[in-house]
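J.: Provided herewith: target.cif, mmCIF, C-alpha atoms.
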```cif
data_upload
#
loop_
_atom_site.group_PDB
_atom_site.id
_atom_site.type_symbol
_atom_site.label_atom_id
_atom_site.label_comp_id
_atom_site.auth_asym_id
_atom_site.auth_seq_id
_atom_site.Cartn_x
_atom_site.Cartn_y
_atom_site.Cartn_z
ATOM 1 C CA MET R 1 -85.962 -16.314 -9.010
ATOM 2 C CA SER R 2 -83.905 -18.779 -7.014
ATOM 3 C CA ASN R 3 -85.420 -21.758 -5.282
ATOM 4 C CA PHE R 4 -85.849 -21.065 -1.576
ATOM 5 C CA ALA R 5 -84.994 -24.637 -0.810
ATOM 6 C CA PHE R 6 -81.409 -24.063 -1.721
ATOM 7 C CA ASN R 7 -81.172 -21.172 0.701
ATOM 8 C CA ASN R 8 -80.798 -23.709 3.474
ATOM 9 C CA PRO R 9 -77.315 -23.512 5.005
ATOM 10 C CA ALA R 10 -76.937 -27.229 4.603
ATOM 11 C CA PHE R 11 -76.833 -26.768 0.821
ATOM 12 C CA GLN R 12 -74.689 -23.622 0.824
ATOM 13 C CA GLN R 13 -71.903 -24.984 3.128
ATOM 14 C CA GLN R 14 -70.754 -28.540 2.632
ATOM 15 C CA ASP R 15 -68.667 -28.597 5.846
ATOM 16 C CA PRO R 16 -70.978 -28.266 8.860
ATOM 17 C CA ARG R 17 -68.171 -26.459 10.717
ATOM 18 C CA ASN R 18 -68.509 -23.587 8.265
ATOM 19 C CA VAL R 19 -72.168 -23.111 9.073
ATOM 20 C CA ALA R 20 -72.598 -20.028 11.179
ATOM 21 C CA THR R 21 -74.958 -21.859 13.463
ATOM 22 C CA TYR R 22 -72.471 -24.680 14.097
ATOM 23 C CA PRO R 23 -70.852 -24.449 17.531
ATOM 24 C CA GLY R 24 -67.326 -22.966 17.349
ATOM 25 C CA ALA R 25 -67.639 -21.518 13.853
ATOM 26 C CA PRO R 26 -67.025 -17.867 14.831
ATOM 27 C CA GLN R 27 -63.888 -18.771 16.784
ATOM 28 C CA ALA R 28 -62.530 -20.792 13.851
ATOM 29 C CA ALA R 29 -63.084 -17.927 11.453
ATOM 30 C CA GLN R 30 -61.330 -15.496 13.779
ATOM 31 C CA GLY R 31 -58.369 -17.892 14.185
ATOM 32 C CA ALA R 32 -57.994 -18.280 10.441
ATOM 33 C CA GLN R 33 -58.093 -14.523 9.999
ATOM 34 C CA ALA R 34 -55.480 -14.028 12.723
ATOM 35 C CA ALA R 35 -53.228 -16.648 11.127
ATOM 36 C CA SER R 36 -53.598 -14.879 7.792
ATOM 37 C CA PHE R 37 -52.594 -11.557 9.321
ATOM 38 C CA GLN R 38 -49.632 -13.245 11.057
ATOM 39 C CA HIS R 39 -48.351 -14.763 7.814
ATOM 40 C CA ALA R 40 -48.773 -11.432 6.062
ATOM 41 C CA GLY R 41 -46.756 -9.723 8.797
ATOM 42 C CA VAL R 42 -43.980 -12.323 8.548
ATOM 43 C CA ASP R 43 -43.853 -11.948 4.775
ATOM 44 C CA ALA R 44 -43.640 -8.178 5.081
ATOM 45 C CA ALA R 45 -40.804 -8.458 7.604
ATOM 46 C CA VAL R 46 -38.900 -10.895 5.379
ATOM 47 C CA ASN R 47 -39.358 -8.665 2.347
ATOM 48 C CA ALA R 48 -38.167 -5.626 4.296
ATOM 49 C CA GLN R 49 -35.115 -7.543 5.494
ATOM 50 C CA LEU R 50 -34.261 -8.658 1.964
ATOM 51 C CA GLU R 51 -34.687 -5.135 0.631
ATOM 52 C CA GLY R 52 -32.406 -3.867 3.374
ATOM 53 C CA MET R 53 -29.779 -6.457 2.494
ATOM 54 C CA TYR R 54 -29.911 -5.539 -1.186
ATOM 55 C CA ALA R 55 -29.743 -1.817 -0.408
ATOM 56 C CA ALA R 56 -26.897 -2.154 2.107
ATOM 57 C CA PRO R 57 -23.330 -1.528 0.865
ATOM 58 C CA PRO R 58 -21.226 -4.612 0.137
ATOM 59 C CA ALA R 59 -19.253 -6.110 3.000
ATOM 60 C CA GLY R 60 -15.839 -4.550 3.381
ATOM 61 C CA ALA R 61 -12.491 -5.890 4.505
ATOM 62 C CA ILE R 62 -13.395 -5.567 8.186
ATOM 63 C CA GLU R 63 -16.621 -7.574 7.877
ATOM 64 C CA THR R 64 -15.114 -10.294 5.704
ATOM 65 C CA ASP R 65 -11.591 -10.227 7.202
ATOM 66 C CA ARG R 66 -10.309 -10.454 3.642
ATOM 67 C CA MET R 67 -7.740 -8.353 1.832
ATOM 68 C CA SER R 68 -9.117 -5.543 -0.344
ATOM 69 C CA VAL R 69 -7.611 -2.810 -2.486
ATOM 70 C CA GLU R 70 -9.279 -0.051 -0.447
ATOM 71 C CA ASP R 71 -8.031 -1.455 2.849
ATOM 72 C CA THR R 72 -4.504 -1.810 1.466
ATOM 73 C CA VAL R 73 -4.591 1.792 0.254
ATOM 74 C CA TRP R 74 -5.520 2.983 3.754
ATOM 75 C CA LYS R 75 -2.724 0.906 5.260
ATOM 76 C CA THR R 76 -0.260 2.362 2.757
ATOM 77 C CA ALA R 77 -1.418 5.900 3.553
ATOM 78 C CA ALA R 78 -0.973 5.228 7.281
ATOM 79 C CA LEU R 79 2.606 4.020 6.789
ATOM 80 C CA PHE R 80 3.512 6.995 4.620
ATOM 81 C CA GLY R 81 1.908 9.324 7.156
ATOM 82 C CA ILE R 82 4.134 7.936 9.906
ATOM 83 C CA MET R 83 7.162 8.150 7.643
ATOM 84 C CA LEU R 84 6.498 11.806 6.776
ATOM 85 C CA VAL R 85 6.056 12.780 10.428
ATOM 86 C CA THR R 86 9.338 11.170 11.480
ATOM 87 C CA ALA R 87 11.018 12.566 8.349
ATOM 88 C CA ALA R 88 10.025 16.087 9.399
ATOM 89 C CA ILE R 89 11.469 15.467 12.875
ATOM 90 C CA ALA R 90 14.688 14.096 11.368
ATOM 91 C CA TRP R 91 14.896 17.070 9.012
ATOM 92 C CA VAL R 92 14.762 19.563 11.896
ATOM 93 C CA PHE R 93 17.210 17.537 13.968
ATOM 94 C CA THR R 94 19.629 17.186 11.047
ATOM 95 C CA LEU R 95 19.759 20.920 10.382
ATOM 96 C CA GLY R 96 19.852 21.895 14.040
ATOM 97 C CA GLY R 97 23.593 21.673 14.652
ATOM 98 C CA VAL R 98 25.900 24.665 14.263
ATOM 99 C CA ALA R 99 28.986 24.039 12.162
ATOM 100 C CA VAL R 100 32.361 23.697 13.802
ATOM 101 C CA PRO R 101 34.600 26.309 12.088
ATOM 102 C CA GLU R 102 37.656 24.012 11.965
ATOM 103 C CA ARG R 103 35.672 21.220 10.278
ATOM 104 C CA ASP R 104 33.409 23.271 8.021
ATOM 105 C CA PRO R 105 34.604 26.859 7.699
ATOM 106 C CA TYR R 106 32.504 27.571 4.584
ATOM 107 C CA ASN R 107 29.005 26.576 5.701
ATOM 108 C CA GLU R 108 26.970 28.106 8.479
ATOM 109 C CA PHE R 109 25.356 24.779 9.400
ATOM 110 C CA ALA R 110 26.896 21.328 9.599
ATOM 111 C CA PRO R 111 24.165 18.737 9.095
ATOM 112 C CA ASN R 112 23.859 16.136 11.832
ATOM 113 C CA MET R 113 24.088 12.727 10.162
ATOM 114 C CA LEU R 114 22.857 10.736 13.149
ATOM 115 C CA PRO R 115 19.197 10.459 11.969
ATOM 116 C CA TRP R 116 20.376 9.363 8.538
ATOM 117 C CA ILE R 117 22.675 6.623 9.901
ATOM 118 C CA VAL R 118 20.284 5.367 12.592
ATOM 119 C CA GLY R 119 17.362 5.360 10.170
ATOM 120 C CA ALA R 120 19.298 3.522 7.446
ATOM 121 C CA LEU R 121 20.535 0.786 9.788
ATOM 122 C CA GLY R 122 17.188 0.355 11.551
ATOM 123 C CA ALA R 123 15.211 0.290 8.299
ATOM 124 C CA PHE R 124 17.572 -2.251 6.737
ATOM 125 C CA VAL R 125 17.406 -4.632 9.701
ATOM 126 C CA LEU R 126 13.619 -4.412 10.005
ATOM 127 C CA ALA R 127 13.157 -4.814 6.246
ATOM 128 C CA MET R 128 15.112 -8.078 6.404
ATOM 129 C CA VAL R 129 13.138 -9.289 9.429
ATOM 130 C CA VAL R 130 9.769 -8.464 7.869
ATOM 131 C CA SER R 131 10.732 -9.987 4.512
ATOM 132 C CA PHE R 132 11.951 -13.315 5.915
ATOM 133 C CA THR R 133 9.411 -13.838 8.724
ATOM 134 C CA SER R 134 6.149 -12.687 7.149
ATOM 135 C CA ARG R 135 5.411 -16.088 5.610
ATOM 136 C CA LYS R 136 4.830 -17.456 9.089
ATOM 137 C CA LYS R 137 3.322 -14.403 10.755
ATOM 138 C CA VAL R 138 2.535 -10.836 9.696
ATOM 139 C CA ARG R 139 3.573 -8.336 12.358
ATOM 140 C CA PRO R 140 2.075 -4.864 11.726
ATOM 141 C CA ALA R 141 4.026 -3.456 14.698
ATOM 142 C CA LEU R 142 7.327 -4.245 12.954
ATOM 143 C CA ILE R 143 6.071 -2.640 9.747
ATOM 144 C CA PHE R 144 5.058 0.498 11.655
ATOM 145 C CA THR R 145 8.492 0.594 13.289
ATOM 146 C CA TYR R 146 10.080 0.192 9.883
ATOM 147 C CA ALA R 147 8.144 3.251 8.687
ATOM 148 C CA VAL R 148 9.549 5.225 11.640
ATOM 149 C CA PHE R 149 13.150 4.311 10.824
ATOM 150 C CA GLU R 150 12.542 4.918 7.132
ATOM 151 C CA GLY R 151 11.294 8.391 8.020
ATOM 152 C CA LEU R 152 14.479 9.106 9.970
ATOM 153 C CA PHE R 153 16.554 8.000 6.995
ATOM 154 C CA ILE R 154 14.566 9.959 4.399
ATOM 155 C CA GLY R 155 14.409 13.109 6.525
ATOM 156 C CA GLY R 156 18.120 12.988 7.334
ATOM 157 C CA ILE R 157 19.399 12.323 3.836
ATOM 158 C CA SER R 158 16.978 14.823 2.296
ATOM 159 C CA ALA R 159 18.130 17.583 4.667
ATOM 160 C CA PHE R 160 21.761 16.740 3.964
ATOM 161 C CA PHE R 161 21.254 16.934 0.189
ATOM 162 C CA GLU R 162 19.181 20.104 0.529
ATOM 163 C CA VAL R 163 22.094 21.864 2.240
ATOM 164 C CA LEU R 164 24.434 20.959 -0.626
ATOM 165 C CA TRP R 165 21.948 21.464 -3.483
ATOM 166 C CA PRO R 166 19.076 23.770 -2.502
ATOM 167 C CA GLY R 167 15.754 22.803 -4.040
ATOM 168 C CA ILE R 168 16.798 19.237 -4.801
ATOM 169 C CA VAL R 169 14.263 17.668 -2.426
ATOM 170 C CA MET R 170 11.311 19.254 -4.190
ATOM 171 C CA GLN R 171 12.685 18.185 -7.569
ATOM 172 C CA ALA R 172 13.163 14.586 -6.424
ATOM 173 C CA THR R 173 9.746 14.491 -4.761
ATOM 174 C CA LEU R 174 7.916 15.693 -7.872
ATOM 175 C CA ALA R 175 9.846 13.263 -10.061
ATOM 176 C CA THR R 176 9.055 10.359 -7.728
ATOM 177 C CA ILE R 177 5.351 11.203 -7.610
ATOM 178 C CA SER R 178 5.298 11.439 -11.410
ATOM 179 C CA VAL R 179 6.889 8.008 -11.875
ATOM 180 C CA VAL R 180 4.545 6.403 -9.327
ATOM 181 C CA ALA R 181 1.478 8.041 -10.887
ATOM 182 C CA VAL R 182 2.389 6.980 -14.428
ATOM 183 C CA THR R 183 3.164 3.428 -13.316
ATOM 184 C CA LEU R 184 -0.119 3.161 -11.430
ATOM 185 C CA ALA R 185 -2.083 4.534 -14.390
ATOM 186 C CA LEU R 186 -0.469 2.072 -16.813
ATOM 187 C CA PHE R 187 -1.122 -0.830 -14.463
ATOM 188 C CA ALA R 188 -4.731 0.191 -13.855
ATOM 189 C CA SER R 189 -5.334 0.424 -17.605
ATOM 190 C CA GLY R 190 -3.950 -3.078 -18.113
ATOM 191 C CA LYS R 191 -1.166 -1.913 -20.437
ATOM 192 C CA VAL R 192 1.595 -2.998 -18.042
ATOM 193 C CA ARG R 193 1.644 -6.317 -16.216
ATOM 194 C CA ALA R 194 4.209 -8.384 -14.357
ATOM 195 C CA THR R 195 5.264 -11.401 -16.411
ATOM 196 C CA ALA R 196 7.521 -14.335 -15.616
ATOM 197 C CA LYS R 197 10.023 -13.321 -18.302
ATOM 198 C CA MET R 198 10.207 -9.687 -17.209
ATOM 199 C CA THR R 199 10.481 -10.687 -13.567
ATOM 200 C CA LYS R 200 13.417 -12.962 -14.392
ATOM 201 C CA ILE R 201 15.158 -10.117 -16.245
ATOM 202 C CA PHE R 202 14.429 -7.816 -13.309
ATOM 203 C CA MET R 203 15.995 -10.227 -10.815
ATOM 204 C CA ILE R 204 19.149 -10.582 -12.938
ATOM 205 C CA ALA R 205 19.454 -6.801 -13.331
ATOM 206 C CA MET R 206 18.836 -6.325 -9.605
ATOM 207 C CA GLY R 207 21.603 -8.776 -8.743
ATOM 208 C CA GLY R 208 24.054 -7.014 -11.043
ATOM 209 C CA TYR R 209 23.129 -3.622 -9.614
ATOM 210 C CA LEU R 210 23.686 -4.823 -6.034
ATOM 211 C CA VAL R 211 27.122 -6.215 -6.920
ATOM 212 C CA PHE R 212 28.104 -2.954 -8.602
ATOM 213 C CA SER R 213 26.844 -0.924 -5.615
ATOM 214 C CA LEU R 214 28.907 -2.986 -3.169
ATOM 215 C CA LEU R 215 31.990 -2.616 -5.395
ATOM 216 C CA ASN R 216 31.444 1.134 -5.608
ATOM 217 C CA VAL R 217 31.206 1.432 -1.820
ATOM 218 C CA VAL R 218 34.462 -0.509 -1.383
ATOM 219 C CA LEU R 219 36.223 1.756 -3.894
ATOM 220 C CA MET R 220 34.986 4.820 -2.003
ATOM 221 C CA TRP R 221 36.088 3.442 1.382
ATOM 222 C CA THR R 222 39.554 2.639 0.045
ATOM 223 C CA ASN R 223 39.854 6.073 -1.641
ATOM 224 C CA VAL R 224 40.339 4.456 -5.023
ATOM 225 C CA SER R 225 37.410 6.522 -6.253
ATOM 226 C CA GLN R 226 37.306 9.933 -4.582
ATOM 227 C CA GLY R 227 34.147 11.310 -6.138
ATOM 228 C CA ALA R 228 31.129 12.183 -4.034
ATOM 229 C CA PHE R 229 29.328 9.119 -5.422
ATOM 230 C CA GLY R 230 32.314 7.032 -6.406
ATOM 231 C CA LEU R 231 32.273 5.629 -9.918
ATOM 232 C CA LEU R 232 28.781 7.010 -10.442
ATOM 233 C CA SER R 233 30.140 10.541 -10.500
ATOM 234 C CA ASP R 234 33.746 9.909 -11.631
ATOM 235 C CA ALA R 235 33.270 7.595 -14.599
ATOM 236 C CA LYS R 236 31.746 8.986 -17.776
ATOM 237 C CA ILE R 237 30.494 7.499 -21.009
ATOM 238 C CA ALA R 238 30.433 9.927 -23.967
ATOM 239 C CA GLY R 239 30.686 12.773 -21.493
ATOM 240 C CA ILE R 240 27.661 11.590 -19.494
ATOM 241 C CA PRO R 241 28.283 10.590 -15.866
ATOM 242 C CA LEU R 242 27.862 6.865 -15.300
ATOM 243 C CA GLY R 243 25.474 7.620 -12.438
ATOM 244 C CA LEU R 244 22.955 9.193 -14.815
ATOM 245 C CA ILE R 245 23.031 6.248 -17.222
ATOM 246 C CA ILE R 246 22.691 3.657 -14.482
ATOM 247 C CA GLY R 247 20.180 5.881 -12.711
ATOM 248 C CA VAL R 248 17.794 5.815 -15.661
ATOM 249 C CA LEU R 249 17.960 2.012 -15.728
ATOM 250 C CA VAL R 250 17.376 1.856 -11.973
ATOM 251 C CA VAL R 251 14.319 4.102 -12.270
ATOM 252 C CA PHE R 252 12.852 1.650 -14.790
ATOM 253 C CA MET R 253 13.704 -1.197 -12.417
ATOM 254 C CA ALA R 254 11.974 0.564 -9.536
ATOM 255 C CA ALA R 255 8.937 1.239 -11.720
ATOM 256 C CA TYR R 256 8.705 -2.445 -12.607
ATOM 257 C CA SER R 257 9.097 -3.294 -8.939
ATOM 258 C CA LEU R 258 6.021 -1.145 -8.321
ATOM 259 C CA VAL R 259 4.178 -3.118 -10.990
ATOM 260 C CA MET R 260 5.112 -6.305 -9.135
ATOM 261 C CA ASP R 261 3.822 -4.805 -5.884
ATOM 262 C CA PHE R 262 0.512 -3.839 -7.490
ATOM 263 C CA ASP R 263 0.220 -7.266 -9.088
ATOM 264 C CA GLN R 264 0.781 -9.058 -5.773
ATOM 265 C CA ILE R 265 -1.890 -6.939 -4.104
ATOM 266 C CA GLN R 266 -4.304 -7.682 -6.936
ATOM 267 C CA GLN R 267 -3.638 -11.408 -6.671
ATOM 268 C CA GLY R 268 -4.087 -11.322 -2.906
ATOM 269 C CA VAL R 269 -7.477 -9.641 -3.253
ATOM 270 C CA ARG R 270 -8.528 -12.031 -6.020
ATOM 271 C CA ASN R 271 -7.530 -15.102 -4.004
ATOM 272 C CA GLY R 272 -9.269 -13.898 -0.846
ATOM 273 C CA ALA R 273 -6.106 -13.551 1.228
ATOM 274 C CA PRO R 274 -6.563 -12.610 4.916
ATOM 275 C CA ARG R 275 -6.868 -8.909 5.625
ATOM 276 C CA LYS R 276 -3.570 -8.767 7.528
ATOM 277 C CA TYR R 277 -1.649 -9.353 4.291
ATOM 278 C CA GLY R 278 -2.618 -5.851 3.246
ATOM 279 C CA TRP R 279 0.204 -4.709 5.529
ATOM 280 C CA LEU R 280 2.683 -6.629 3.385
ATOM 281 C CA GLY R 281 1.328 -4.938 0.271
ATOM 282 C CA ALA R 282 1.711 -1.516 1.898
ATOM 283 C CA PHE R 283 5.194 -2.461 3.108
ATOM 284 C CA GLY R 284 6.280 -3.474 -0.399
ATOM 285 C CA ILE R 285 5.033 -0.214 -1.895
ATOM 286 C CA MET R 286 6.862 1.848 0.735
ATOM 287 C CA VAL R 287 10.152 0.008 0.176
ATOM 288 C CA THR R 288 9.938 0.545 -3.582
ATOM 289 C CA VAL R 289 8.907 4.212 -3.409
ATOM 290 C CA VAL R 290 11.724 5.044 -0.982
ATOM 291 C CA TRP R 291 14.214 3.260 -3.220
ATOM 292 C CA LEU R 292 12.908 5.214 -6.213
ATOM 293 C CA TYR R 293 13.129 8.538 -4.345
ATOM 294 C CA VAL R 294 16.721 7.954 -3.215
ATOM 295 C CA GLU R 295 17.841 6.973 -6.718
ATOM 296 C CA ILE R 296 16.227 10.067 -8.250
ATOM 297 C CA LEU R 297 17.736 12.214 -5.490
ATOM 298 C CA ARG R 298 21.190 10.891 -6.328
ATOM 299 C CA MET R 299 20.675 11.338 -10.079
ATOM 300 C CA ILE R 300 19.746 14.975 -9.641
ATOM 301 C CA ALA R 301 22.702 15.532 -7.325
ATOM 302 C CA ILE R 302 25.097 14.045 -9.897
ATOM 303 C CA ALA R 303 23.579 16.122 -12.687
ATOM 304 C CA ARG R 304 23.794 19.332 -10.685
ATOM 305 C CA SER R 305 27.358 18.568 -9.596
ATOM 306 C CA ASN R 306 28.457 18.336 -13.216
#
```
Step by step, read the file and then write its structure as structure tokens.
T.:
Amino acid sequence: MSNFAFNNPAFQQQDPRNVATYPGAPQAAQGAQAASFQHAGVDAAVNAQLEGMYAAPPAGAIETDRMSVEDTVWKTAALFGIMLVTAAIAWVFTLGGVAVPERDPYNEFAPNMLPWIVGALGAFVLAMVVSFTSRKKVRPALIFTYAVFEGLFIGGISAFFEVLWPGIVMQATLATISVVAVTLALFASGKVRATAKMTKIFMIAMGGYLVFSLLNVVLMWTNVSQGAFGLLSDAKIAGIPLGLIIGVLVVFMAAYSLVMDFDQIQQGVRNGAPRKYGWLGAFGIMVTVVWLYVEILRMIAIARSN
């Protein structure tokens, strides 16, 4: 049995303020309890906020204002969407004119080449402007306008070739998609990368191809070469048109150009480049894909002509 003497509150509570009979003790106990509840509520709120942050999706390009692969893909899709819409308009406009019997007595329709010419000139000028001014300032409006002119060019030239070689547009489109898909798959797997040595070889080959193209155009203008594609269709090596041999090399060049485009986008994302530079990545992909499509279109035309 315990000693009743120790039941005195003076022995049970060392601090007189904790004695129930001490003035103010109930209020102090209530305040401590309220403070405890307040801290518990704050801790619960902090924990809920942290859990929400962990559960929330990672910040995207809009929140961080940084370049991302997903954002660049959407920008690329937007540019190609604009190009396809204007290409459809150019296609209809190109095939809308009735042939003049004296000029074209064999065909029912004479394609209107105005969309092709306007689109080619406009796209070339804007491509130069975007390429040489984007280091100082990226202008999405110019890139959108470039997509419009590129659509006029693609729609016009595709309609023109379709009149001469029915079904050629579908063939060129499927071939272009196949090359782009294979190149993207090889790059994504890490089996193909842009290197300094390969880039140097690419630049040399590109320079030689541009010189040859200018020479071929001059020969066609001066009627020295009277083929539909100049030396590309007239000259032959072992019975194979020169255009097919050079065309295969150009397709490989365009594929490597795509690898360079993908590599630049990857480096921009890795280095935290501003989000606006995604437009340049989309612009580069569009330029390369259009170049690839036109080269394949011409290769098929040369093959079918022979």
J.: Residues at most 10 Å from stretch 203-217 of chain R, counting all atoms listed in the file, excluding those fewer than 3 positions away in the same chain, as a list in words?
T.: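 Once the adjacent positions are removed, what remains is Met198, Thr199, Lys200, Met220, Trp221, Thr222, Asn223, Val224, Ser225, Phe229, Gly230, Leu231, Leu232, Ile246, Leu249, Val250, Met253, Ala254 and Ser257 of chain R.
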J.: List the residues matched by the PyMOL selection byres ((chain R and resi 174-181) around 8) in the displayed structure as a list in words, ordered by chain and then by residue number.
T.: Met170, Gln171, Ala172, Thr173, Val182, Thr183, Leu184, Ala185, Ala255, Leu258, Val289, Leu292, Tyr293 and Ile296 of chain R
J.: Evaluate the PyMOL selection byres ((chain R and resi 113) around 12) against this structure - the residues, as a tab-separated table (two decimals) with C-alpha atoms, keeping the file's coordinate frame, please.
T.:
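part_12.tsv, freshly written:
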```tsv
chain	number	residue	atom	x	y	z
R	90	ALA	CA	14.69	14.10	11.37
R	91	TRP	CA	14.90	17.07	9.01
R	92	VAL	CA	14.76	19.56	11.90
R	93	PHE	CA	17.21	17.54	13.97
R	94	THR	CA	19.63	17.19	11.05
R	95	LEU	CA	19.76	20.92	10.38
R	96	GLY	CA	19.85	21.90	14.04
R	97	GLY	CA	23.59	21.67	14.65
R	110	ALA	CA	26.90	21.33	9.60
R	111	PRO	CA	24.16	18.74	9.10
R	112	ASN	CA	23.86	16.14	11.83
R	114	LEU	CA	22.86	10.74	13.15
R	115	PRO	CA	19.20	10.46	11.97
R	116	TRP	CA	20.38	9.36	8.54
R	117	ILE	CA	22.68	6.62	9.90
R	118	VAL	CA	20.28	5.37	12.59
R	119	GLY	CA	17.36	5.36	10.17
R	120	ALA	CA	19.30	3.52	7.45
R	152	LEU	CA	14.48	9.11	9.97
R	153	PHE	CA	16.55	8.00	7.00
R	154	ILE	CA	14.57	9.96	4.40
R	155	GLY	CA	14.41	13.11	6.52
R	156	GLY	CA	18.12	12.99	7.33
R	157	ILE	CA	19.40	12.32	3.84
R	158	SER	CA	16.98	14.82	2.30
R	159	ALA	CA	18.13	17.58	4.67
R	160	PHE	CA	21.76	16.74	3.96
R	161	PHE	CA	21.25	16.93	0.19
```
J.: Go ahead and compute the interatomic distance for atom CA of R:Phe144 and atom CA of R:Ile82, in Å to one decimal.
T.: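 That distance, rounded to one decimal, is 7.7 Å.
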J.: Once the PyMOL selection byres ((chain R and resi 233) around 10) has been evaluated on this model, what residues remain selected, and can you format them as a PyMOL selection string?
T.: chain R and resi 225-232+234-236+240-244+298-299+301-303+305-306
J.: For a test of reading the model, state the distance in Å between atom CA of R:Phe262 and atom CA of R:Val129, rounded to one decimal.
T.: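 According to the coordinates, atom CA of R:Phe262 and atom CA of R:Val129 are separated by 21.8 Å.
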J.: Using all atoms listed in the file, which of R:Ile300, R:Ile201, R:Val287, R:Leu280 sits nearest R:Gly268?
T.: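 Using all atoms listed in the file, the shortest distance to R:Gly268 belongs to R:Leu280.
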J.: One decimal, Å: what's the distance from atom CA of R:Trp291 over to atom CA of R:Trp74, could you say?
T.: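 Spanning atom CA of R:Trp291 to atom CA of R:Trp74 is a straight-line distance of 20.9 Å.
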J.: Would you be able to write out as a list of chain:residue names which residues have an atom within 12 Å of (11.8, -10.3, 5.8) in the file's coordinates, counting only C-alpha atoms?
T.: R:Ala123, R:Phe124, R:Val125, R:Leu126, R:Ala127, R:Met128, R:Val129, R:Val130, R:Ser131, R:Phe132, R:Thr133, R:Ser134, R:Arg135, R:Lys136, R:Lys137, R:Val138, R:Arg139, R:Leu142, R:Ile143, R:Tyr146, R:Leu280, R:Phe283, R:Gly284, R:Val287
J.: Centre and edge lengths, as AutoDock Vina command-line options, for the axis-aligned box enclosing every listed atom of stretch 189-206 of chain R with 6 Å of padding on each of the six sides, in Å to one decimal?
T.:
```
--center_x 7.1 --center_y -7.0 --center_z -15.0 --size_x 36.8 --size_y 26.8 --size_z 22.8
```
